[in-house]
$ cat structure-v9.cif   # mmCIF, C-alpha atoms
data_structure
#
loop_
_atom_site.label_atom_id
_atom_site.label_comp_id
_atom_site.auth_asym_id
_atom_site.auth_seq_id
_atom_site.Cartn_x
_atom_site.Cartn_y
_atom_site.Cartn_z
CA MET A 2 88.09 113.21 90.30
CA VAL A 3 86.52 110.69 92.69
CA GLU A 4 85.91 113.39 95.29
CA ALA A 5 84.25 115.66 92.70
CA TYR A 6 81.98 112.80 91.64
CA PHE A 7 80.81 112.08 95.19
CA ARG A 8 80.34 115.74 96.03
CA TRP A 9 78.28 116.67 92.98
CA THR A 10 76.21 113.53 93.33
CA LEU A 11 75.33 114.64 96.84
CA TYR A 12 74.61 118.19 95.63
CA ALA A 13 72.15 116.85 93.06
CA LEU A 14 70.20 114.63 95.47
CA PRO A 15 68.09 117.46 97.03
CA TRP A 16 66.52 118.08 93.62
CA LEU A 17 64.92 114.63 93.63
CA PRO A 18 62.51 115.54 96.46
CA VAL A 19 61.85 118.91 94.81
CA PHE A 20 60.77 117.45 91.47
CA GLY A 21 59.39 114.18 92.79
CA GLY A 22 57.73 115.33 96.00
CA VAL A 23 57.03 119.06 96.15
CA LEU A 24 56.26 120.27 92.61
CA PRO A 25 53.52 117.64 92.04
CA VAL A 26 51.51 119.48 94.71
CA MET A 27 50.63 122.14 92.13
CA GLY A 28 48.49 119.61 90.32
CA THR A 29 46.22 119.18 93.36
CA THR A 30 45.21 122.83 93.83
CA GLY A 31 42.69 123.25 91.03
CA SER A 32 42.00 126.88 90.07
CA ARG A 33 41.37 128.44 93.46
CA PRO A 34 43.82 131.29 94.09
CA VAL A 35 44.74 130.56 97.73
CA PRO A 36 45.77 126.89 97.23
CA VAL A 37 47.58 127.81 94.04
CA THR A 38 49.46 130.55 95.86
CA LEU A 39 50.43 128.24 98.71
CA ALA A 40 51.60 125.54 96.28
CA VAL A 41 53.65 128.06 94.29
CA VAL A 42 55.22 129.44 97.48
CA ALA A 43 56.10 125.93 98.69
CA GLY A 44 57.54 124.98 95.29
CA GLY A 45 59.53 128.21 94.97
CA LEU A 46 60.97 127.86 98.48
CA ASN A 47 62.13 124.33 97.71
CA VAL A 48 63.71 125.43 94.42
CA VAL A 49 65.66 128.13 96.31
CA HIS A 50 66.55 125.50 98.88
CA GLY A 51 67.88 123.24 96.14
CA VAL A 52 70.13 126.05 94.89
CA LEU A 53 71.30 126.74 98.44
CA ALA A 54 72.08 123.04 98.89
CA VAL A 55 75.30 123.30 96.86
CA PRO A 56 77.25 125.63 99.22
CA LEU A 57 75.41 124.22 102.25
CA LEU A 58 76.33 120.59 101.60
CA ASN A 59 79.81 121.58 100.42
CA ARG A 60 80.63 123.31 103.70
CA SER A 61 78.87 120.62 105.71
CA LEU A 62 81.03 117.97 104.05
CA ASN A 63 84.12 120.04 104.83
CA ARG A 64 82.97 120.19 108.45
CA TYR A 65 82.50 116.42 108.50
CA LEU A 66 85.99 115.93 107.02
CA LYS A 67 87.41 118.46 109.53
CA LEU A 68 88.40 120.83 106.75
CA GLY A 69 86.34 123.80 107.90
CA ALA A 70 84.00 125.27 110.47
CA THR A 71 80.28 124.58 110.87
CA PRO A 72 78.27 126.64 108.31
CA ARG A 73 75.94 128.11 110.92
CA GLY A 74 74.64 130.88 108.68
CA LEU A 75 73.75 128.53 105.84
CA LEU A 76 72.17 126.07 108.27
CA LEU A 77 70.03 128.86 109.71
CA ALA A 78 68.92 129.92 106.21
CA SER A 79 68.16 126.29 105.36
CA GLY A 80 66.11 125.91 108.54
CA VAL A 81 64.11 129.06 107.79
CA LEU A 82 63.36 127.89 104.23
CA THR A 83 62.35 124.46 105.54
CA LEU A 84 59.99 125.89 108.16
CA ALA A 85 58.45 128.30 105.66
CA SER A 86 57.89 125.51 103.15
CA GLU A 87 56.40 123.25 105.84
CA ALA A 88 54.05 126.05 106.95
CA ALA A 89 52.87 126.64 103.39
CA LEU A 90 52.18 122.93 102.81
CA ILE A 91 50.36 122.47 106.13
CA ALA A 92 48.30 125.58 105.38
CA LEU A 93 47.47 124.07 102.00
CA ILE A 94 46.07 120.98 103.68
CA ALA A 95 44.05 123.19 106.04
CA VAL A 96 42.64 125.24 103.15
CA GLN A 97 41.83 122.28 100.91
CA GLY A 98 40.59 120.05 103.72
CA LEU A 99 40.94 116.29 103.93
CA GLY A 100 38.27 115.36 101.46
CA HIS A 101 40.36 113.91 98.66
CA ARG A 102 42.76 111.29 99.95
CA ASP A 103 45.07 111.34 96.91
CA ASP A 104 45.57 115.10 97.16
CA VAL A 105 46.28 114.86 100.89
CA ALA A 106 48.78 112.04 100.33
CA THR A 107 50.57 114.14 97.72
CA VAL A 108 50.87 117.08 100.10
CA LEU A 109 52.07 114.82 102.91
CA ILE A 110 54.81 113.41 100.66
CA ALA A 111 55.78 117.00 99.78
CA ILE A 112 56.03 117.87 103.48
CA GLY A 113 58.44 114.96 104.06
CA ALA A 114 60.41 115.71 100.90
CA SER A 115 60.97 119.36 101.79
CA LEU A 116 62.81 118.29 104.95
CA THR A 117 65.57 116.28 103.23
CA THR A 118 67.94 119.10 102.28
CA TYR A 119 68.13 120.42 105.83
CA PHE A 120 68.41 116.91 107.26
CA MET A 121 71.25 116.00 104.89
CA ALA A 122 73.27 119.03 105.97
CA GLN A 123 72.42 118.65 109.65
CA CYS A 124 73.49 115.00 109.87
CA LEU A 125 76.93 115.94 108.53
CA VAL A 126 77.68 118.57 111.18
CA VAL A 127 76.42 116.78 114.28
CA SER A 128 76.95 113.31 115.67
CA LYS A 129 74.63 110.47 114.68
CA ARG A 130 73.22 110.27 118.21
CA ARG A 131 72.34 113.96 118.31
CA PHE A 132 70.82 113.83 114.85
CA LEU A 133 68.64 110.81 115.60
CA THR A 134 67.57 112.39 118.89
CA GLY A 135 66.57 115.55 117.04
CA VAL A 136 64.62 113.59 114.42
CA ALA A 137 62.78 111.67 117.15
CA ALA A 138 61.89 114.93 118.92
CA ALA A 139 60.73 116.50 115.66
CA THR A 140 58.61 113.43 114.94
CA ALA A 141 56.87 113.67 118.30
CA GLY A 142 56.35 117.39 117.87
CA MET A 143 54.95 116.87 114.37
CA ILE A 144 52.37 114.39 115.64
CA LEU A 145 51.11 116.86 118.24
CA LEU A 146 51.26 119.93 116.00
CA PHE A 147 49.66 118.31 112.97
CA GLY A 148 47.01 116.54 115.05
CA VAL A 149 45.97 119.70 116.88
CA PHE A 150 46.08 121.85 113.74
CA THR A 151 44.10 119.51 111.46
CA GLY A 152 42.24 117.34 113.94
CA SER A 153 43.32 114.22 112.05
CA TRP A 154 45.44 112.03 114.28
CA PRO A 155 45.86 109.23 111.68
CA GLY A 156 47.14 111.88 109.31
CA SER A 157 49.49 113.19 111.97
CA VAL A 158 50.91 109.70 112.47
CA ALA A 159 51.40 109.34 108.72
CA MET A 160 53.14 112.72 108.65
CA ALA A 161 55.38 111.67 111.50
CA CYS A 162 56.32 108.49 109.63
CA LEU A 163 57.22 110.57 106.57
CA LEU A 164 59.36 112.87 108.70
CA LEU A 165 61.11 109.91 110.28
CA PHE A 166 61.70 108.36 106.85
CA ALA A 167 63.11 111.64 105.52
CA GLY A 168 65.53 111.85 108.44
CA LEU A 169 66.75 108.27 108.09
CA TRP A 170 67.00 108.57 104.30
CA SER A 171 69.08 111.74 104.63
CA LEU A 172 71.33 110.07 107.20
CA VAL A 173 71.87 106.98 105.04
CA ILE A 174 72.68 109.09 101.96
CA ALA A 175 74.80 111.91 103.37
CA ARG A 176 76.99 110.37 106.08
CA PRO A 177 78.23 107.38 104.00
CA THR A 178 79.16 109.88 101.29
CA GLY A 179 81.20 111.84 103.82
CA TRP A 180 82.76 108.63 105.11
CA LEU A 181 83.76 107.55 101.59
CA LEU A 182 85.29 110.96 100.91
CA GLY A 183 87.26 110.62 104.14
CA VAL A 184 88.53 107.20 103.07
CA VAL A 185 89.53 108.56 99.65
CA ARG A 186 91.40 111.43 101.27
CA LYS A 187 93.20 109.08 103.63
CA LEU A 188 94.19 106.86 100.71
CA ASP A 189 95.56 109.86 98.85
CA ALA A 190 97.46 110.95 101.95
CA ALA A 191 98.80 107.41 102.44
CA ARG A 192 99.91 107.25 98.82
CA SER A 193 101.66 110.59 99.16
CA THR A 194 103.30 109.48 102.41
CA GLU A 195 104.40 106.23 100.79
CA ALA A 196 106.00 108.15 97.94
CA ARG A 197 107.84 110.44 100.37
CA LEU A 198 109.01 107.47 102.44
CA ALA A 199 110.26 105.73 99.30
CA VAL A 200 112.27 108.83 98.37
CA ALA A 201 113.63 109.13 101.92
CA GLU A 202 114.52 105.43 101.98
CA GLU A 203 116.34 105.73 98.67
CA ARG A 204 118.25 108.73 99.98
CA LEU A 205 119.25 106.79 103.08
CA ARG A 206 120.31 103.83 100.95
CA PHE A 207 122.36 106.05 98.67
CA GLY A 208 124.02 107.88 101.59
CA ARG A 209 124.76 104.62 103.41
CA ASP A 210 126.17 102.89 100.34
CA LEU A 211 128.19 105.93 99.32
CA HIS A 212 129.68 106.14 102.80
CA ASP A 213 130.53 102.44 102.83
CA VAL A 214 131.99 102.50 99.32
CA MET A 215 134.02 105.68 99.50
CA GLY A 216 135.07 105.57 103.15
CA ARG A 217 137.58 102.75 102.87
CA ASN A 218 138.73 103.62 99.36
CA LEU A 219 139.48 107.22 100.27
CA ALA A 220 141.32 106.07 103.38
CA VAL A 221 143.43 103.68 101.27
CA ILE A 222 144.09 106.40 98.67
CA ALA A 223 145.24 108.77 101.41
CA LEU A 224 147.47 106.07 102.93
CA LYS A 225 149.10 105.05 99.66
CA SER A 226 149.50 108.65 98.51
CA GLU A 227 151.32 109.46 101.75
CA LEU A 228 153.51 106.40 101.26
CA ALA A 229 154.21 107.41 97.65
CA VAL A 230 155.22 110.92 98.77
CA GLN A 231 157.68 109.50 101.28
CA LEU A 232 159.14 107.11 98.71
CA ALA A 233 159.38 109.87 96.11
CA ARG A 234 161.28 112.10 98.52
CA ARG A 235 163.75 109.26 98.96
CA GLU A 236 163.84 108.80 95.18
CA ARG A 237 162.66 105.23 95.51
CA PRO A 238 161.16 103.60 92.39
CA GLU A 239 158.41 101.97 94.47
CA ALA A 240 156.64 105.34 94.54
CA VAL A 241 155.45 104.71 90.98
CA GLU A 242 153.89 101.39 92.00
CA GLN A 243 152.04 103.06 94.87
CA MET A 244 150.63 105.75 92.58
CA VAL A 245 149.57 103.11 90.06
CA GLU A 246 147.71 101.41 92.91
CA VAL A 247 146.13 104.75 93.84
CA GLN A 248 144.99 105.15 90.24
CA ARG A 249 143.49 101.65 90.25
CA ILE A 250 141.60 102.23 93.49
CA ALA A 251 140.28 105.57 92.21
CA GLN A 252 138.99 103.90 89.02
CA GLU A 253 137.41 101.14 91.08
CA SER A 254 135.77 103.76 93.27
CA GLN A 255 134.24 105.39 90.19
CA ARG A 256 132.79 102.05 89.11
CA GLU A 257 131.42 101.32 92.58
CA VAL A 258 129.80 104.76 92.83
CA ARG A 259 128.05 104.15 89.51
CA GLU A 260 126.78 100.82 90.84
CA VAL A 261 125.56 102.51 94.01
CA VAL A 262 123.62 105.01 91.93
CA ARG A 263 122.01 102.18 90.00
CA GLY A 264 121.20 100.39 93.27
CA TYR A 265 122.75 97.08 92.19
CA ARG A 266 125.86 96.93 94.33
CA LYS A 267 126.41 93.87 96.55
CA ALA A 268 129.44 93.46 98.76
CA ASP A 269 131.31 90.18 98.15
CA LEU A 270 132.48 88.66 101.43
CA GLN A 271 135.51 86.81 100.07
CA ALA A 272 136.64 89.85 98.09
CA GLU A 273 136.22 92.08 101.13
CA LEU A 274 138.20 89.67 103.33
CA ALA A 275 141.04 89.55 100.82
CA GLY A 276 140.92 93.32 100.40
CA ALA A 277 140.96 93.90 104.14
CA ARG A 278 144.00 91.66 104.60
CA SER A 279 145.85 93.40 101.77
CA ILE A 280 145.01 96.94 102.83
CA LEU A 281 145.75 96.44 106.51
CA ARG A 282 149.05 94.75 105.80
CA ALA A 283 149.97 97.65 103.50
CA ALA A 284 149.24 99.96 106.43
CA GLY A 285 151.55 97.94 108.67
CA VAL A 286 148.80 96.04 110.49
CA ASP A 287 149.16 92.30 110.94
CA CYS A 288 145.76 90.99 109.91
CA ARG A 289 144.74 87.44 110.91
CA ILE A 290 141.51 86.06 109.45
CA ASP A 291 140.02 82.82 110.73
CA GLY A 292 136.96 80.96 109.58
CA GLU A 293 136.48 82.27 106.03
CA ASP A 294 137.23 78.92 104.36
CA GLU A 295 134.40 76.60 103.28
CA THR A 296 131.80 79.23 104.09
CA ARG A 297 128.41 78.65 102.46
CA LEU A 298 126.11 81.60 103.05
CA PRO A 299 123.06 83.06 101.28
CA PRO A 300 123.89 86.04 99.03
CA GLU A 301 122.17 88.59 101.28
CA VAL A 302 124.08 87.34 104.33
CA GLU A 303 127.41 87.41 102.48
CA SER A 304 126.65 90.93 101.31
CA ALA A 305 125.84 92.13 104.83
CA LEU A 306 128.99 90.54 106.30
CA GLY A 307 131.03 91.98 103.44
CA TRP A 308 129.85 95.47 104.41
CA VAL A 309 130.80 94.73 108.01
CA VAL A 310 134.36 93.81 106.96
CA ARG A 311 134.61 96.93 104.81
CA GLU A 312 133.36 99.29 107.52
CA GLY A 313 135.54 97.66 110.18
CA THR A 314 138.62 98.03 107.97
CA THR A 315 137.76 101.68 107.31
CA ASN A 316 137.41 102.39 111.01
CA ILE A 317 140.81 100.84 111.74
CA LEU A 318 142.48 103.00 109.10
CA ARG A 319 140.73 106.14 110.32
CA HIS A 320 140.59 105.82 114.08
CA ALA A 321 143.43 103.45 115.05
CA ALA A 322 146.58 105.04 113.71
CA GLU A 323 148.74 103.00 116.11
CA ALA A 324 147.10 99.66 115.23
CA ARG A 325 149.55 96.79 114.68
CA HIS A 326 147.34 93.72 115.06
CA CYS A 327 143.86 92.86 113.83
CA ALA A 328 141.92 89.58 114.22
CA LEU A 329 138.78 88.76 112.29
CA ARG A 330 136.88 85.58 113.18
CA THR A 331 133.72 84.04 111.76
CA LEU A 332 132.13 81.09 113.52
CA ILE A 333 128.89 79.46 114.62
CA ASP A 334 127.87 79.40 118.27
CA PRO A 335 125.72 76.23 118.54
CA HIS A 336 124.53 77.07 122.06
CA ARG A 337 122.71 80.18 120.87
CA SER A 338 122.24 79.12 117.20
CA VAL A 339 123.84 82.26 115.80
CA LEU A 340 126.61 83.06 113.38
CA VAL A 341 129.13 85.41 114.99
CA MET A 342 131.69 87.62 113.28
CA THR A 343 134.14 89.58 115.40
CA MET A 344 136.75 92.10 114.33
CA GLU A 345 139.20 93.23 116.99
CA ASN A 346 142.19 95.55 116.73
CA ASP A 347 144.64 97.30 119.00
CA GLY A 348 146.12 100.79 118.76
CA VAL A 349 143.02 102.65 119.94
CA THR A 350 143.79 105.85 121.81
CA PRO A 351 141.48 106.30 124.81
CA GLN A 352 139.32 109.43 124.62
CA PRO A 353 138.46 111.61 127.62
CA ASP A 354 134.93 111.25 128.89
CA THR A 355 134.14 114.84 127.97
CA ALA A 356 135.23 114.37 124.40
CA ARG A 357 133.40 111.07 124.16
CA ALA A 358 130.21 112.57 125.52
CA GLY A 359 130.37 115.46 123.08
CA SER A 360 131.09 113.38 120.03
CA LEU A 361 128.41 112.35 117.61
CA PRO A 362 127.96 108.75 116.48
CA GLY A 363 129.24 108.00 113.01
CA SER A 364 126.97 106.98 110.18
CA GLY A 365 128.96 103.85 109.26
CA LEU A 366 127.88 101.67 112.18
CA LYS A 367 124.34 103.02 111.90
CA GLY A 368 124.30 101.97 108.26
CA LEU A 369 125.53 98.49 109.21
CA ARG A 370 122.73 98.12 111.74
CA GLU A 371 120.23 99.08 109.05
CA ARG A 372 121.65 96.39 106.76
CA LEU A 373 121.59 93.72 109.48
CA HIS A 374 118.14 94.52 110.84
CA PRO A 375 116.13 92.85 107.99
CA LEU A 376 118.15 89.66 108.58
CA GLY A 377 117.48 89.71 112.33
CA GLY A 378 121.13 90.53 113.03
CA THR A 379 122.63 92.72 115.74
CA LEU A 380 125.82 94.75 115.96
CA THR A 381 127.74 95.74 119.06
CA SER A 382 130.98 97.66 119.23
CA GLY A 383 133.19 99.27 121.81
CA PRO A 384 136.56 99.20 123.54
CA VAL A 385 137.74 96.03 125.25
CA LEU A 386 140.80 95.52 127.44
CA GLN A 387 143.45 98.23 127.00
CA SER A 388 143.76 100.10 123.69
CA SER A 389 141.66 97.47 121.91
CA TYR A 390 138.39 97.76 120.07
CA ARG A 391 135.96 95.02 119.06
CA LEU A 392 133.16 94.94 116.52
CA THR A 393 130.76 92.00 116.93
CA VAL A 394 127.98 90.95 114.56
CA GLU A 395 125.49 88.20 115.33
CA LEU A 396 123.11 86.68 112.77
CA PRO A 397 120.51 83.99 113.56
CA LEU A 398 121.15 80.67 111.86
CA GLY A 399 117.80 81.05 110.11
CA ALA A 400 119.21 84.05 108.24
CA ALA A 401 122.39 82.14 107.46
CA ALA A 402 120.75 78.89 106.35
CA GLY A 403 122.82 76.54 104.23
CA LYS A 404 125.84 76.38 106.52
CA ASP A 405 127.19 73.36 108.32
CA ARG A 406 125.56 73.58 111.76
CA GLY A 407 127.93 71.04 113.27
CA SER A 408 131.15 72.91 112.85
CA GLY A 409 132.60 76.37 112.78
CA VAL A 410 132.53 78.23 109.52
CA GLY A 411 136.20 77.80 109.11
CA GLY A 412 136.11 74.15 110.02
CA GLY A 413 137.85 74.74 113.36
CA PRO A 414 136.73 73.55 116.79
CA VAL A 415 133.45 75.18 117.72
CA SER A 416 133.36 75.06 121.48
CA GLU A 417 136.63 76.91 122.01
CA GLU A 418 135.81 79.60 119.46
CA ALA A 419 132.26 80.02 120.70
CA SER A 420 133.42 80.49 124.27
CA TRP A 421 135.95 83.07 123.08
CA VAL A 422 133.22 85.03 121.34
CA ARG A 423 130.83 84.83 124.27
CA GLY A 424 133.52 86.18 126.53
CA GLY A 425 134.17 89.01 124.10
CA VAL A 426 130.52 90.02 123.93
CA ALA A 427 130.22 90.01 127.69
CA GLY A 428 133.28 92.22 127.86
CA GLU A 429 131.49 94.89 125.92
#
$ encode --input "structure-v9.cif" --output "structure tokens"
Amino acid sequence: MVEAYFRWTLYALPWLPVFGGVLPVMGTTGSRPVPVTLAVVAGGLNVVHGVLAVPLLNRSLNRYLKLGATPRGLLLASGVLTLASEAALIALIAVQGLGHRDDVATVLIAIGASLTTYFMAQCLVVSKRRFLTGVAAATAGMILLFGVFTGSWPGSVAMACLLLFAGLWSLVIARPTGWLLGVVRKLDAARSTEARLAVAEERLRFGRDLHDVMGRNLAVIALKSELAVQLARRERPEAVEQMVEVQRIAQESQREVREVVRGYRKADLQAELAGARSILRAAGVDCRIDGEDETRLPPEVESALGWVVREGTTNILRHAAEARHCALRTLIDPHRSVLVMTMENDGVTPQPDTARAGSLPGSGLKGLRERLHPLGGTLTSGPVLQSSYRLTVELPLGAAAGKDRGSGVGGGPVSEEASWVRGGVAGE
């Protein structure tokens, strides 16, 4: 709608010189046939030029906006019409003479007005420097041509001033219109890009949350189902309890998926720590958690760390079948002013270099990095020592404001824990 308004406003502007500058010439001819004929020819040529202005300016605007090629044919036709109209008006001055100043002034205004349509199109398809250079050359040529043809050098100077004014007026009208249309188009493109990015971001959020929610729960369901099968084969009554637990986890997964779809889900750090301890112990992994007591963290930090615990637990269940020990520590390193969470487990089977090089990175750790990035946090992971794997998360104290800066999160000695963490990070 805005683009149509600007375009049709520009298409209508050439008619202002036609009605206001060229057609009034007919009132200066009297009843003599030759001046009347020349005035009618000039007026008719400008009317045709005004009709031609619609496709001419339309394609010139498209050329300015880089939506099409230069309309060379239309520009040539416009130039021919302009030259023919100029010749008729100059001949009219020569036929009528310079006796009546008002009549001469009217014809001079018509000569300048008949140039505007061509100038408006020309300034859209060439650079400003080339257009102004062309107008200056035409002005100089007009002074010489008009002065030699009429013998009136003051009149030639006046004509040159009108030509220069017509060129500058056309430039000021046409090019800002093209520039505004370009801005409008860029705004529309930016709005469309923003909408596509919002959709893509929501898809990434949904995929990340769905992976984080369902990954651990499905791993636990598979583990407990396998345990229930073994107990059932031995006719042990504990198989019923395991299947009841499977049913509970499945129902909880349904609720969490609904919350992911709504976009409201937040991971609770304390709940994730308790769940990790329970699940890992059920899988036969001795889980030791240090530093979770007396923790005071902002909600967004707790949520991010909760997702870290969940993803780390899922990775242990999936990729460390021989794991027997797991240590999770949360503390503050005062030397670097960061909160550090580490999760280390054994039972990792070394992979050959060829297999490692051909494997693709999982989406879980990538999702964690995306969650930590807005908080200024970093995540590193990799094997340490023999058959051990460590996941380390660091968050600046500014993101974890509200904690006791003078002690570890768990209330334990800081210096010993901090040095342990620093050694672990260096090991990676």
$ atom_distance --input "structure-v9.cif" --atom1 "CA of Leu369 (chain A)" --atom2 "CA of Gln271 (chain A)"
17.9 Å
$ resolve_selection --input "structure-v9.cif" --expression "the PyMOL selection byres ((chain A and resi 225) around 9)" --output "short mmCIF file (atom, residue, chain, number, x, y, z; two decimals) with C-alpha atoms, in the frame of the given file"
data_model
loop_
_atom_site.label_atom_id
_atom_site.label_comp_id
_atom_site.auth_asym_id
_atom_site.auth_seq_id
_atom_site.Cartn_x
_atom_site.Cartn_y
_atom_site.Cartn_z
CA ALA A 220 141.32 106.07 103.38
CA VAL A 221 143.43 103.68 101.27
CA ILE A 222 144.09 106.40 98.67
CA ALA A 223 145.24 108.77 101.41
CA LEU A 224 147.47 106.07 102.93
CA SER A 226 149.50 108.65 98.51
CA GLU A 227 151.32 109.46 101.75
CA LEU A 228 153.51 106.40 101.26
CA ALA A 229 154.21 107.41 97.65
CA VAL A 230 155.22 110.92 98.77
CA GLN A 243 152.04 103.06 94.87
CA MET A 244 150.63 105.75 92.58
CA GLU A 246 147.71 101.41 92.91
CA VAL A 247 146.13 104.75 93.84
CA ALA A 283 149.97 97.65 103.50
CA ALA A 284 149.24 99.96 106.43
#
$ closest_residue --input "structure-v9.cif" --among "A:Arg282, A:Lys129, A:Arg259, A:Arg192" --to "Phe207 (chain A)" --atoms "only C-alpha atoms"
A:Arg259
$ closest_residue --input "structure-v9.cif" --among "A:His50, A:Arg131, A:Arg64, A:Lys367" --to "Leu82 (chain A)" --atoms "all atoms listed in the file"
A:His50
$ residues_around --input "structure-v9.cif" --residues "Arg311 (chain A)" --least-positions-apart "6" --cutoff "8 Å" --atoms "all atoms listed in the file" --output "ChimeraX atom specification"
/A:213,217,273,277
$ residues_around --input "structure-v9.cif" --residues "Thr38 (chain A)" --least-positions-apart "6" --cutoff "10 Å" --atoms "only C-alpha atoms" --output "list of chain:residue names"
A:Met27, A:Thr30, A:Gly44, A:Ala89, A:Leu93
$ atom_distance --input "structure-v9.cif" --atom1 "CA of Ala272 (chain A)" --atom2 "CA of Ser388 (chain A)"
28.5 Å
$ axis_aligned_box --input "structure-v9.cif" --around "region 71-88 of chain A" --padding-each-side "5 Å" --output "JSON"
{"center_x": 67.2, "center_y": 127.1, "center_z": 107.0, "size_x": 36.2, "size_y": 17.6, "size_z": 17.8}
$ resolve_selection --input "structure-v9.cif" --expression "the PyMOL selection byres ((chain A and resi 321-337) around 6)" --output "list in words"
Val286, Asp287, Cys288, Arg289, Ile290, Asp291, Gly292, Ile317, His320, Ser338, Val339, Leu340, Val341, Met342, Thr343, Met344, Glu345, Asn346, Asp347, Gly348, Val349, Gly409, Val410 and Ala419 of chain A
$ resolve_selection --input "structure-v9.cif" --expression "the PyMOL selection byres ((chain A and resi 365) around 8)" --output "PyMOL selection string"
chain A and resi 209+212-213+312+363-364+366-369
$ atom_distance --input "structure-v9.cif" --atom1 "CA of Arg319 (chain A)" --atom2 "CA of Leu298 (chain A)"
29.5 Å
$ residues_near_point --input "structure-v9.cif" --point "(65.9, 124.0, 96.9)" --cutoff "9 Å" --atoms "all atoms listed in the file" --output "mmCIF file with C-alpha atoms, keeping the file's coordinate frame"
data_model
loop_
_atom_site.group_PDB
_atom_site.id
_atom_site.type_symbol
_atom_site.label_atom_id
_atom_site.label_comp_id
_atom_site.auth_asym_id
_atom_site.auth_seq_id
_atom_site.Cartn_x
_atom_site.Cartn_y
_atom_site.Cartn_z
ATOM 1 C CA PRO A 15 68.090 117.460 97.030
ATOM 2 C CA TRP A 16 66.520 118.080 93.620
ATOM 3 C CA VAL A 19 61.850 118.910 94.810
ATOM 4 C CA GLY A 44 57.540 124.980 95.290
ATOM 5 C CA GLY A 45 59.530 128.210 94.970
ATOM 6 C CA LEU A 46 60.970 127.860 98.480
ATOM 7 C CA ASN A 47 62.130 124.330 97.710
ATOM 8 C CA VAL A 48 63.710 125.430 94.420
ATOM 9 C CA VAL A 49 65.660 128.130 96.310
ATOM 10 C CA HIS A 50 66.550 125.500 98.880
ATOM 11 C CA GLY A 51 67.880 123.240 96.140
ATOM 12 C CA VAL A 52 70.130 126.050 94.890
ATOM 13 C CA LEU A 53 71.300 126.740 98.440
ATOM 14 C CA ALA A 54 72.080 123.040 98.890
ATOM 15 C CA LEU A 82 63.360 127.890 104.230
ATOM 16 C CA SER A 115 60.970 119.360 101.790
ATOM 17 C CA THR A 118 67.940 119.100 102.280
#
$ residues_around --input "structure-v9.cif" --residues "Leu125 (chain A)" --least-positions-apart "3" --cutoff "8 Å" --atoms "only C-alpha atoms" --output "list in words"
Ser61, Leu62, Arg64, Tyr65, Met121, Ala122, Ser128, Ala175, Arg176 and Gly179 of chain A
$ closest_residue --input "structure-v9.cif" --among "A:Leu306, A:Ile110, A:Leu386, A:Leu232" --to "Leu373 (chain A)" --atoms "only C-alpha atoms"
A:Leu306
$ closest_residue --input "structure-v9.cif" --among "A:Ser389, A:Asp210, A:Arg60, A:Thr117" --to "Arg8 (chain A)" --atoms "all atoms listed in the file"
A:Arg60
$ closest_residue --input "structure-v9.cif" --among "A:Pro375, A:Arg370, A:Val241, A:Ala190" --to "Val394 (chain A)" --atoms "all atoms listed in the file"
A:Arg370
$ residues_near_point --input "structure-v9.cif" --point "(64.8, 116.4, 116.1)" --cutoff "12 Å" --atoms "only C-alpha atoms" --output "ChimeraX atom specification"
/A:116,119-120,123-124,127,129-143,161,164-165,167-169
$ decode --input "structure-v9.cif" --residues "region 220-234 of chain A" --atoms "C-alpha atoms" --output "PDB file, in the first residue's frame"
ATOM      1  CA  ALA A 220      16.784 -43.831  29.196  1.00  0.00           C
ATOM      2  CA  VAL A 221      15.313 -44.396  32.673  1.00  0.00           C
ATOM      3  CA  ILE A 222      12.243 -46.129  31.215  1.00  0.00           C
ATOM      4  CA  ALA A 223      14.484 -48.449  29.197  1.00  0.00           C
ATOM      5  CA  LEU A 224      16.635 -49.184  32.261  1.00  0.00           C
ATOM      6  CA  LYS A 225      13.731 -49.909  34.588  1.00  0.00           C
ATOM      7  CA  SER A 226      11.878 -51.931  31.948  1.00  0.00           C
ATOM      8  CA  GLU A 227      14.959 -54.111  31.487  1.00  0.00           C
ATOM      9  CA  LEU A 228      15.219 -54.516  35.251  1.00  0.00           C
ATOM     10  CA  ALA A 229      11.519 -55.401  35.464  1.00  0.00           C
ATOM     11  CA  VAL A 230      11.928 -58.043  32.743  1.00  0.00           C
ATOM     12  CA  GLN A 231      14.795 -59.653  34.624  1.00  0.00           C
ATOM     13  CA  LEU A 232      12.841 -59.620  37.892  1.00  0.00           C
ATOM     14  CA  ALA A 233       9.748 -61.008  36.185  1.00  0.00           C
ATOM     15  CA  ARG A 234      11.727 -63.897  34.720  1.00  0.00           C
TER      16      ARG A 234
END
